[in-house]
Amino acid sequence: MQESIDPTRLGANRTGMQMSPMHGKEMLEGMDTTAPEADGQALAEARLDAIREAGVLGTVPAPATLKGVAKSGAAMLSGDRLQVFVDKLSERLAFERGGTRLYDGVLAKFEAHPGELDEVALEDVRDIRDEEASHALMIQECIFALGCDPTAQTPSADLVGVETMGLIQAVSDPRTTLAQTLHAALAAELADHAGWETLILLAESIGQDDMAARFREALQRENEHVQKVRSWHNALTLETSELM
Amino acid sequence: MTLALFEDRGTPLDQQRFTWRELAGKPISKLDDDAFTRVRVILMNGLENEALRFSHAAARFNGELRLPLAEVRRVEQHQATMVNWLLGADHSPLETTIGYEQVAIEVTAALAQQEPDPYLAQVYRFGLLEDFDHMYRYSALLDRLEGKDSNNILQSYTDVLPGRPTVVEHRAPEHDLRRPFDRTTAEPLTKLNALTLTAAEHQTHDYYMNIGPLFADPIARQLYAEIASIEEQHVTQYESLLDPSQSLLENWLLHEAMEVYSYYSCTQQEPNPRIKAIWERMLDYELGHLHTAAELFKKHERRDPQEIVGASLPEPIPFQSQREFVRETLANEVDLRPSGADFVGMEQEPQASIDYRNYMNSQGSPSETVAAGYHWRPGTELSRKVVNL
């Protein structure tokens, strides 16, 4: 079994040029050093053209029940404010669901490396995992209360899926240590924290005060998640550096 | 000393078994394993996929052979899986692409030097300079999209420099076809080399076709579309070297011999003992397949299989940096262009190819755009100061 707290052990890493002194020297000899450095302007211009011509990821679905919209007071919202709110609610729902699965992966690493962090930490991870799941349910209720469809994948919900693909890869790879896994979880928690802050601002700006209050509670819990995950990650990383 | 093909019967077909867990075993380390271990993994996956492709095509043309083809194909499928799953998930699709082009460069260069037929050797040198340019274009993309140095994958074995510019590699189909070897006079090594490069290029084509749409960046999507098109031309080119009068069973025999030869080459040079054990197991399995095909060949064609594949294998394919050969070829042959099955100077290139690519490139050239002014530097073009070695 891997030594999880020693993710940075010395070994035969071959990626750097210093590991290939002869071949590396030949690479450098073959380099065109007389040429001016490039600025990538052609690439930048092509990207700009593509952005101008591109469509969008997709749309936010229209509410299915006007009754629900009226009941929630959302009908009073002007312009596109309801759809922005629903899009960001769906984003948080997707993120919290994904976060729950991310913590399933973190738990597996905890269980694979007993003793690296204490039993209290293990319990805390289970709690965090369950809180992510309960936050997802709460958001589902909010979307439903607005007369909208919590099963729809809106553009922002789609995009957090893209954004977090690397985090899921990092956590689910059996070769990554507990410390490396927690680093990915910390990145997720920091993004999650910012997501809740935006959602609270949005809810307040459209007069959804009850929802804003529920989101503030969630943010409080997420603050604790950030602190805990950061402290575990730092503890394991510092322990590693002491071992080296 | 090389392997005697018909003395060792390998693992009997009915004992060639796998579990799912074996198929998805531990991957190689992107960071710690030698780049040529990855080269071997990618090459052998290509050969296994060619085995599957050929076997399916063969089954469509011969009812009697369908059962033995299906039996061997089941094992080839799982060999392909076991080998391909050795690539770790920390390779981004673009990093794996760098690995594919390293295979195309280093293996093509190695085969070009061992090829006994001067015409086929010329064809390989021609293709080599095109894949060499692809490496440069993809390295620019890796640097400018992901901020990564392709040399982390290449481990300094392979240069990152322009070759025959990808923008001029596009040509009319009639100028992609080459003259086939003559099955009655060609040496077994000639047949094995042609089949190996056909296999390698075909999987590269398929890989680019699969992963191209995974990219969000518009120029990356275009670049994969462009280079996949060249890989299709390369498959057409290498495939046209195969004598079309070879019988189905003769072809099958050659496919198995090619796999035996390549796995044998892997076993001789693999430094990672865990991976070496996999190559040895695969070699034994392929010897079993070769004997299955050889028995069928004897039964149906009443000929000696050794007439086709020889009695023993040639010297192993050298898996090592071919830098000097590549540089020399680049200096001497970068301006060659195909005219029918021959190679001519760029000023004699047929108009049909020029017309074809002028239209393809008329709304911009992704390979030119992505690498405009690109110069590989240790640690990416962002690090202007050369590292102190």
# chains A, B, ... in the order shown; residues from 1 in each chain; ligands from 1
>>> select_by_dssp(residues="range 128-204 of chain A", states="alpha helix (DSSP H)", output="count of residues only")
62
>>> closest_atom_pairs(of="chain A", to="chain B", cutoff="8 Å", atoms="only C-alpha atoms", output="JSON lines")
{"residue": "A:Gly11", "atom": "CA", "partner": "B:Asp32", "partner_atom": "CA", "distance": 7.6}
{"residue": "A:Ala12", "atom": "CA", "partner": "B:Asp32", "partner_atom": "CA", "distance": 5.4}
{"residue": "A:Asn13", "atom": "CA", "partner": "B:Asp32", "partner_atom": "CA", "distance": 4.2}
{"residue": "A:Arg14", "atom": "CA", "partner": "B:Asp32", "partner_atom": "CA", "distance": 5.4}
{"residue": "A:Thr15", "atom": "CA", "partner": "B:Asn152", "partner_atom": "CA", "distance": 4.3}
{"residue": "A:Gly16", "atom": "CA", "partner": "B:Asn152", "partner_atom": "CA", "distance": 6.2}
{"residue": "A:Met17", "atom": "CA", "partner": "B:Ser156", "partner_atom": "CA", "distance": 6.7}
{"residue": "A:Gln18", "atom": "CA", "partner": "B:Leu389", "partner_atom": "CA", "distance": 5.8}
{"residue": "A:Ser20", "atom": "CA", "partner": "B:Ser156", "partner_atom": "CA", "distance": 6.6}
{"residue": "A:Pro21", "atom": "CA", "partner": "B:Leu389", "partner_atom": "CA", "distance": 6.9}
{"residue": "A:His23", "atom": "CA", "partner": "B:Ser156", "partner_atom": "CA", "distance": 5.4}
{"residue": "A:Gly24", "atom": "CA", "partner": "B:Ser156", "partner_atom": "CA", "distance": 5.2}
{"residue": "A:Lys25", "atom": "CA", "partner": "B:Leu389", "partner_atom": "CA", "distance": 7.8}
{"residue": "A:Met27", "atom": "CA", "partner": "B:Asp159", "partner_atom": "CA", "distance": 6.0}
{"residue": "A:Gly30", "atom": "CA", "partner": "B:Asp159", "partner_atom": "CA", "distance": 7.3}
{"residue": "A:Met31", "atom": "CA", "partner": "B:Trp376", "partner_atom": "CA", "distance": 7.2}
{"residue": "A:Asp32", "atom": "CA", "partner": "B:His375", "partner_atom": "CA", "distance": 7.0}
{"residue": "A:Ala35", "atom": "CA", "partner": "B:His375", "partner_atom": "CA", "distance": 7.8}
{"residue": "A:Pro36", "atom": "CA", "partner": "B:Gly373", "partner_atom": "CA", "distance": 7.8}
{"residue": "A:Glu37", "atom": "CA", "partner": "B:Gly373", "partner_atom": "CA", "distance": 7.1}
{"residue": "A:Ala38", "atom": "CA", "partner": "B:Gly373", "partner_atom": "CA", "distance": 4.7}
{"residue": "A:Asp39", "atom": "CA", "partner": "B:Gly373", "partner_atom": "CA", "distance": 7.3}
{"residue": "A:Gly40", "atom": "CA", "partner": "B:Ala372", "partner_atom": "CA", "distance": 6.4}
{"residue": "A:Gln41", "atom": "CA", "partner": "B:Ala372", "partner_atom": "CA", "distance": 7.9}
{"residue": "A:Ala42", "atom": "CA", "partner": "B:Thr369", "partner_atom": "CA", "distance": 5.4}
{"residue": "A:Leu43", "atom": "CA", "partner": "B:Thr369", "partner_atom": "CA", "distance": 5.4}
{"residue": "A:Ala46", "atom": "CA", "partner": "B:Ile219", "partner_atom": "CA", "distance": 7.3}
{"residue": "A:Arg47", "atom": "CA", "partner": "B:Pro218", "partner_atom": "CA", "distance": 6.7}
{"residue": "A:Ala50", "atom": "CA", "partner": "B:Pro218", "partner_atom": "CA", "distance": 6.5}
{"residue": "A:Gln169", "atom": "CA", "partner": "B:Ala89", "partner_atom": "CA", "distance": 7.5}
{"residue": "A:Asp173", "atom": "CA", "partner": "B:Ala89", "partner_atom": "CA", "distance": 7.6}
>>> write_last_selection(atoms="N, CA, C and O atoms", output="short mmCIF file (atom, residue, chain, number, x, y, z; two decimals), in the first residue's frame")
data_model
loop_
_atom_site.label_atom_id
_atom_site.label_comp_id
_atom_site.auth_asym_id
_atom_site.auth_seq_id
_atom_site.Cartn_x
_atom_site.Cartn_y
_atom_site.Cartn_z
N GLY A 11 12.54 10.00 -6.15
CA GLY A 11 12.56 8.82 -7.01
C GLY A 11 13.07 9.18 -8.39
O GLY A 11 13.71 10.21 -8.58
N ALA A 12 12.73 8.30 -9.34
CA ALA A 12 13.30 8.41 -10.68
C ALA A 12 12.40 9.21 -11.62
O ALA A 12 12.14 8.79 -12.73
N ASN A 13 11.92 10.35 -11.17
CA ASN A 13 11.11 11.19 -12.06
C ASN A 13 11.96 11.57 -13.27
O ASN A 13 13.04 12.13 -13.14
N ARG A 14 11.44 11.26 -14.45
CA ARG A 14 12.24 11.43 -15.67
C ARG A 14 11.80 12.62 -16.51
O ARG A 14 12.27 12.78 -17.64
N THR A 15 10.89 13.45 -16.01
CA THR A 15 10.30 14.47 -16.87
C THR A 15 11.21 15.66 -17.14
O THR A 15 11.07 16.32 -18.16
N GLY A 16 12.12 15.95 -16.22
CA GLY A 16 12.96 17.14 -16.36
C GLY A 16 14.20 16.89 -17.21
O GLY A 16 14.65 15.75 -17.35
N MET A 17 14.76 17.95 -17.73
CA MET A 17 15.91 17.80 -18.62
C MET A 17 17.18 17.39 -17.87
O MET A 17 18.08 16.81 -18.46
N GLN A 18 17.21 17.70 -16.58
CA GLN A 18 18.41 17.33 -15.82
C GLN A 18 18.55 15.81 -15.67
O GLN A 18 19.64 15.32 -15.38
N SER A 20 18.12 13.87 -18.15
CA SER A 20 18.62 13.40 -19.45
C SER A 20 19.75 14.32 -19.92
O SER A 20 19.59 15.05 -20.90
N PRO A 21 20.87 14.31 -19.23
CA PRO A 21 21.90 15.30 -19.56
C PRO A 21 22.38 15.22 -21.01
O PRO A 21 22.54 16.26 -21.67
N HIS A 23 20.82 13.67 -23.78
CA HIS A 23 19.74 13.96 -24.72
C HIS A 23 19.28 15.41 -24.57
O HIS A 23 18.93 16.07 -25.55
N GLY A 24 19.29 15.89 -23.34
CA GLY A 24 18.87 17.28 -23.10
C GLY A 24 19.80 18.25 -23.81
O GLY A 24 19.35 19.24 -24.39
N LYS A 25 21.08 17.95 -23.76
CA LYS A 25 22.06 18.81 -24.43
C LYS A 25 21.79 18.85 -25.95
O LYS A 25 21.84 19.89 -26.58
N MET A 27 18.92 18.32 -27.38
CA MET A 27 17.68 19.09 -27.60
C MET A 27 18.02 20.58 -27.70
O MET A 27 17.54 21.29 -28.57
N GLY A 30 19.68 21.67 -30.85
CA GLY A 30 18.80 21.71 -32.01
C GLY A 30 17.85 22.89 -32.01
O GLY A 30 17.18 23.17 -33.00
N MET A 31 17.77 23.59 -30.88
CA MET A 31 16.83 24.70 -30.75
C MET A 31 17.26 25.88 -31.62
O MET A 31 18.44 26.18 -31.73
N ASP A 32 16.28 26.56 -32.21
CA ASP A 32 16.59 27.75 -33.01
C ASP A 32 16.63 28.95 -32.05
O ASP A 32 15.61 29.54 -31.74
N ALA A 35 15.91 32.85 -33.52
CA ALA A 35 14.59 33.35 -33.88
C ALA A 35 14.03 34.26 -32.80
O ALA A 35 14.31 34.06 -31.61
N PRO A 36 13.25 35.27 -33.20
CA PRO A 36 12.62 36.13 -32.19
C PRO A 36 11.57 35.35 -31.41
O PRO A 36 11.02 34.37 -31.93
N GLU A 37 11.31 35.77 -30.20
CA GLU A 37 10.28 35.09 -29.41
C GLU A 37 8.90 35.42 -29.98
O GLU A 37 8.64 36.53 -30.45
N ALA A 38 8.03 34.44 -29.94
CA ALA A 38 6.69 34.60 -30.52
C ALA A 38 5.75 35.28 -29.54
O ALA A 38 5.96 35.25 -28.34
N ASP A 39 4.72 35.88 -30.10
CA ASP A 39 3.73 36.49 -29.21
C ASP A 39 2.37 35.81 -29.29
O ASP A 39 1.44 36.18 -28.60
N GLY A 40 2.24 34.80 -30.13
CA GLY A 40 0.97 34.07 -30.20
C GLY A 40 -0.18 34.90 -30.72
O GLY A 40 -1.34 34.60 -30.47
N GLN A 41 0.14 35.96 -31.49
CA GLN A 41 -0.90 36.88 -31.94
C GLN A 41 -1.92 36.20 -32.88
O GLN A 41 -3.11 36.44 -32.77
N ALA A 42 -1.42 35.35 -33.77
CA ALA A 42 -2.33 34.69 -34.73
C ALA A 42 -3.35 33.84 -33.99
O ALA A 42 -4.54 33.81 -34.33
N LEU A 43 -2.88 33.15 -32.97
CA LEU A 43 -3.77 32.29 -32.18
C LEU A 43 -4.81 33.16 -31.44
O LEU A 43 -6.00 32.83 -31.42
N ALA A 46 -7.43 34.30 -33.91
CA ALA A 46 -8.33 33.21 -34.32
C ALA A 46 -9.33 32.90 -33.21
O ALA A 46 -10.50 32.62 -33.47
N ARG A 47 -8.85 32.96 -31.97
CA ARG A 47 -9.75 32.70 -30.85
C ARG A 47 -10.82 33.79 -30.77
O ARG A 47 -11.99 33.51 -30.48
N ALA A 50 -13.47 33.17 -33.27
CA ALA A 50 -14.33 32.05 -32.87
C ALA A 50 -15.30 32.48 -31.78
O ALA A 50 -16.48 32.07 -31.79
N GLN A 169 -11.20 13.74 -11.19
CA GLN A 169 -10.08 12.89 -11.63
C GLN A 169 -9.03 12.76 -10.52
O GLN A 169 -8.50 11.68 -10.27
N ASP A 173 -8.56 9.03 -8.48
CA ASP A 173 -7.37 8.26 -8.87
C ASP A 173 -6.83 7.52 -7.64
O ASP A 173 -6.48 8.16 -6.65
#
>>> residues_around(residues="range 189-201 of chain B", least_positions_apart="3", cutoff="8 Å", atoms="only C-alpha atoms", output="PDB file with N, CA, C and O atoms, in the first residue's frame")
ATOM      1  N   LEU B  43       2.205   1.923 -29.139  1.00  0.00           N
ATOM      2  CA  LEU B  43       2.406   1.125 -30.359  1.00  0.00           C
ATOM      3  C   LEU B  43       1.643  -0.199 -30.278  1.00  0.00           C
ATOM      4  O   LEU B  43       0.948  -0.583 -31.230  1.00  0.00           O
ATOM      5  N   GLY B  46      -1.914   0.021 -30.779  1.00  0.00           N
ATOM      6  CA  GLY B  46      -2.185   0.203 -32.208  1.00  0.00           C
ATOM      7  C   GLY B  46      -2.204  -1.118 -32.945  1.00  0.00           C
ATOM      8  O   GLY B  46      -3.066  -1.367 -33.793  1.00  0.00           O
ATOM      9  N   LEU B  47      -1.256  -1.983 -32.603  1.00  0.00           N
ATOM     10  CA  LEU B  47      -1.185  -3.279 -33.283  1.00  0.00           C
ATOM     11  C   LEU B  47      -2.365  -4.165 -32.904  1.00  0.00           C
ATOM     12  O   LEU B  47      -2.918  -4.887 -33.746  1.00  0.00           O
ATOM     13  N   ASN B  49      -5.304  -3.110 -32.058  1.00  0.00           N
ATOM     14  CA  ASN B  49      -6.494  -2.588 -32.724  1.00  0.00           C
ATOM     15  C   ASN B  49      -6.511  -2.941 -34.207  1.00  0.00           C
ATOM     16  O   ASN B  49      -7.574  -3.161 -34.783  1.00  0.00           O
ATOM     17  N   GLU B  50      -5.327  -2.994 -34.811  1.00  0.00           N
ATOM     18  CA  GLU B  50      -5.247  -3.446 -36.204  1.00  0.00           C
ATOM     19  C   GLU B  50      -5.665  -4.914 -36.292  1.00  0.00           C
ATOM     20  O   GLU B  50      -6.362  -5.315 -37.238  1.00  0.00           O
ATOM     21  N   ALA B 104       5.060   7.824 -33.568  1.00  0.00           N
ATOM     22  CA  ALA B 104       5.101   7.969 -35.031  1.00  0.00           C
ATOM     23  C   ALA B 104       6.515   8.330 -35.490  1.00  0.00           C
ATOM     24  O   ALA B 104       7.001   7.808 -36.494  1.00  0.00           O
ATOM     25  N   THR B 108       8.754   5.064 -36.758  1.00  0.00           N
ATOM     26  CA  THR B 108       8.906   5.184 -38.215  1.00  0.00           C
ATOM     27  C   THR B 108      10.387   5.330 -38.577  1.00  0.00           C
ATOM     28  O   THR B 108      10.865   4.707 -39.539  1.00  0.00           O
ATOM     29  N   LEU B 111      12.081   1.940 -38.233  1.00  0.00           N
ATOM     30  CA  LEU B 111      11.731   1.001 -39.300  1.00  0.00           C
ATOM     31  C   LEU B 111      12.318   1.442 -40.647  1.00  0.00           C
ATOM     32  O   LEU B 111      12.720   0.604 -41.459  1.00  0.00           O
ATOM     33  N   GLU B 115      14.519  -1.110 -42.943  1.00  0.00           N
ATOM     34  CA  GLU B 115      13.762  -1.581 -44.098  1.00  0.00           C
ATOM     35  C   GLU B 115      14.696  -1.975 -45.249  1.00  0.00           C
ATOM     36  O   GLU B 115      15.461  -1.136 -45.737  1.00  0.00           O
ATOM     37  N   PRO B 116      14.617  -3.248 -45.688  1.00  0.00           N
ATOM     38  CA  PRO B 116      15.518  -3.671 -46.774  1.00  0.00           C
ATOM     39  C   PRO B 116      15.151  -3.125 -48.154  1.00  0.00           C
ATOM     40  O   PRO B 116      16.017  -3.025 -49.022  1.00  0.00           O
ATOM     41  N   ASP B 117      13.883  -2.770 -48.362  1.00  0.00           N
ATOM     42  CA  ASP B 117      13.460  -2.291 -49.684  1.00  0.00           C
ATOM     43  C   ASP B 117      13.625  -0.769 -49.731  1.00  0.00           C
ATOM     44  O   ASP B 117      12.960  -0.042 -48.986  1.00  0.00           O
ATOM     45  N   LEU B 120      10.351   1.406 -50.036  1.00  0.00           N
ATOM     46  CA  LEU B 120       9.542   1.507 -48.818  1.00  0.00           C
ATOM     47  C   LEU B 120      10.239   2.373 -47.771  1.00  0.00           C
ATOM     48  O   LEU B 120       9.590   3.152 -47.061  1.00  0.00           O
ATOM     49  N   PHE B 181       4.620  -3.691 -52.139  1.00  0.00           N
ATOM     50  CA  PHE B 181       5.692  -4.696 -52.259  1.00  0.00           C
ATOM     51  C   PHE B 181       5.126  -5.905 -53.009  1.00  0.00           C
ATOM     52  O   PHE B 181       3.901  -6.065 -53.116  1.00  0.00           O
ATOM     53  N   ALA B 186       9.254  -9.990 -51.661  1.00  0.00           N
ATOM     54  CA  ALA B 186       9.562  -9.135 -50.509  1.00  0.00           C
ATOM     55  C   ALA B 186      10.036  -9.977 -49.322  1.00  0.00           C
ATOM     56  O   ALA B 186       9.543 -11.089 -49.106  1.00  0.00           O
ATOM     57  N   THR B 204      -3.649   6.150 -34.555  1.00  0.00           N
ATOM     58  CA  THR B 204      -3.454   7.583 -34.312  1.00  0.00           C
ATOM     59  C   THR B 204      -4.629   8.348 -34.925  1.00  0.00           C
ATOM     60  O   THR B 204      -5.192   9.253 -34.300  1.00  0.00           O
ATOM     61  N   HIS B 205      -4.984   7.971 -36.135  1.00  0.00           N
ATOM     62  CA  HIS B 205      -6.158   8.580 -36.778  1.00  0.00           C
ATOM     63  C   HIS B 205      -7.394   8.417 -35.898  1.00  0.00           C
ATOM     64  O   HIS B 205      -8.115   9.379 -35.611  1.00  0.00           O
ATOM     65  N   GLU B 231      -3.531  11.973 -40.939  1.00  0.00           N
ATOM     66  CA  GLU B 231      -3.344  10.584 -40.491  1.00  0.00           C
ATOM     67  C   GLU B 231      -4.132   9.634 -41.392  1.00  0.00           C
ATOM     68  O   GLU B 231      -3.692   8.531 -41.689  1.00  0.00           O
ATOM     69  N   GLU B 232      -5.285  10.076 -41.839  1.00  0.00           N
ATOM     70  CA  GLU B 232      -6.057   9.267 -42.790  1.00  0.00           C
ATOM     71  C   GLU B 232      -5.256   9.104 -44.097  1.00  0.00           C
ATOM     72  O   GLU B 232      -5.182   8.007 -44.655  1.00  0.00           O
ATOM     73  N   HIS B 234      -2.077   9.142 -44.269  1.00  0.00           N
ATOM     74  CA  HIS B 234      -0.964   8.231 -43.956  1.00  0.00           C
ATOM     75  C   HIS B 234      -1.419   6.766 -43.950  1.00  0.00           C
ATOM     76  O   HIS B 234      -0.692   5.881 -44.383  1.00  0.00           O
ATOM     77  N   VAL B 235      -2.619   6.526 -43.432  1.00  0.00           N
ATOM     78  CA  VAL B 235      -3.128   5.150 -43.448  1.00  0.00           C
ATOM     79  C   VAL B 235      -3.263   4.691 -44.901  1.00  0.00           C
ATOM     80  O   VAL B 235      -2.871   3.580 -45.266  1.00  0.00           O
ATOM     81  N   TYR B 238       0.352   3.996 -46.237  1.00  0.00           N
ATOM     82  CA  TYR B 238       1.025   2.782 -45.748  1.00  0.00           C
ATOM     83  C   TYR B 238       0.266   1.517 -46.172  1.00  0.00           C
ATOM     84  O   TYR B 238       0.862   0.507 -46.516  1.00  0.00           O
ATOM     85  N   GLU B 239      -1.051   1.613 -46.132  1.00  0.00           N
ATOM     86  CA  GLU B 239      -1.884   0.478 -46.518  1.00  0.00           C
ATOM     87  C   GLU B 239      -1.644   0.111 -47.987  1.00  0.00           C
ATOM     88  O   GLU B 239      -1.687  -1.065 -48.357  1.00  0.00           O
ATOM     89  N   LEU B 241       1.006   0.089 -49.497  1.00  0.00           N
ATOM     90  CA  LEU B 241       2.265  -0.650 -49.657  1.00  0.00           C
ATOM     91  C   LEU B 241       2.048  -2.159 -49.564  1.00  0.00           C
ATOM     92  O   LEU B 241       2.907  -2.946 -49.962  1.00  0.00           O
ATOM     93  N   LEU B 242       0.907  -2.559 -48.988  1.00  0.00           N
ATOM     94  CA  LEU B 242       0.635  -3.987 -48.800  1.00  0.00           C
ATOM     95  C   LEU B 242       0.180  -4.588 -50.132  1.00  0.00           C
ATOM     96  O   LEU B 242      -0.711  -4.031 -50.783  1.00  0.00           O
ATOM     97  N   LEU B 254       0.444 -12.877 -41.270  1.00  0.00           N
ATOM     98  CA  LEU B 254       1.347 -11.724 -41.145  1.00  0.00           C
ATOM     99  C   LEU B 254       0.963 -10.832 -39.958  1.00  0.00           C
ATOM    100  O   LEU B 254       1.834 -10.300 -39.262  1.00  0.00           O
ATOM    101  N   HIS B 255      -0.324 -10.676 -39.750  1.00  0.00           N
ATOM    102  CA  HIS B 255      -0.762  -9.879 -38.595  1.00  0.00           C
ATOM    103  C   HIS B 255      -0.260 -10.497 -37.299  1.00  0.00           C
ATOM    104  O   HIS B 255       0.235  -9.797 -36.415  1.00  0.00           O
ATOM    105  N   ALA B 257       2.260 -12.544 -36.946  1.00  0.00           N
ATOM    106  CA  ALA B 257       3.727 -12.453 -36.905  1.00  0.00           C
ATOM    107  C   ALA B 257       4.165 -11.048 -36.507  1.00  0.00           C
ATOM    108  O   ALA B 257       5.127 -10.867 -35.756  1.00  0.00           O
ATOM    109  N   MET B 258       3.443 -10.054 -36.999  1.00  0.00           N
ATOM    110  CA  MET B 258       3.759  -8.664 -36.642  1.00  0.00           C
ATOM    111  C   MET B 258       3.618  -8.449 -35.136  1.00  0.00           C
ATOM    112  O   MET B 258       4.466  -7.816 -34.499  1.00  0.00           O
ATOM    113  N   PRO B 314      13.250 -11.109 -37.277  1.00  0.00           N
ATOM    114  CA  PRO B 314      14.395 -10.210 -37.490  1.00  0.00           C
ATOM    115  C   PRO B 314      14.877  -9.652 -36.146  1.00  0.00           C
ATOM    116  O   PRO B 314      14.261  -9.907 -35.096  1.00  0.00           O
TER     117      PRO B 314
END
>>> closest_residue(among="B:Gly340, B:Leu69, B:His78, B:Thr2", to="Leu290 in chain B", atoms="only C-alpha atoms")
B:Leu69
>>> atom_distance(atom1="CA of Arg178 in chain B", atom2="CA of Ser365 in chain B")
26.7 Å
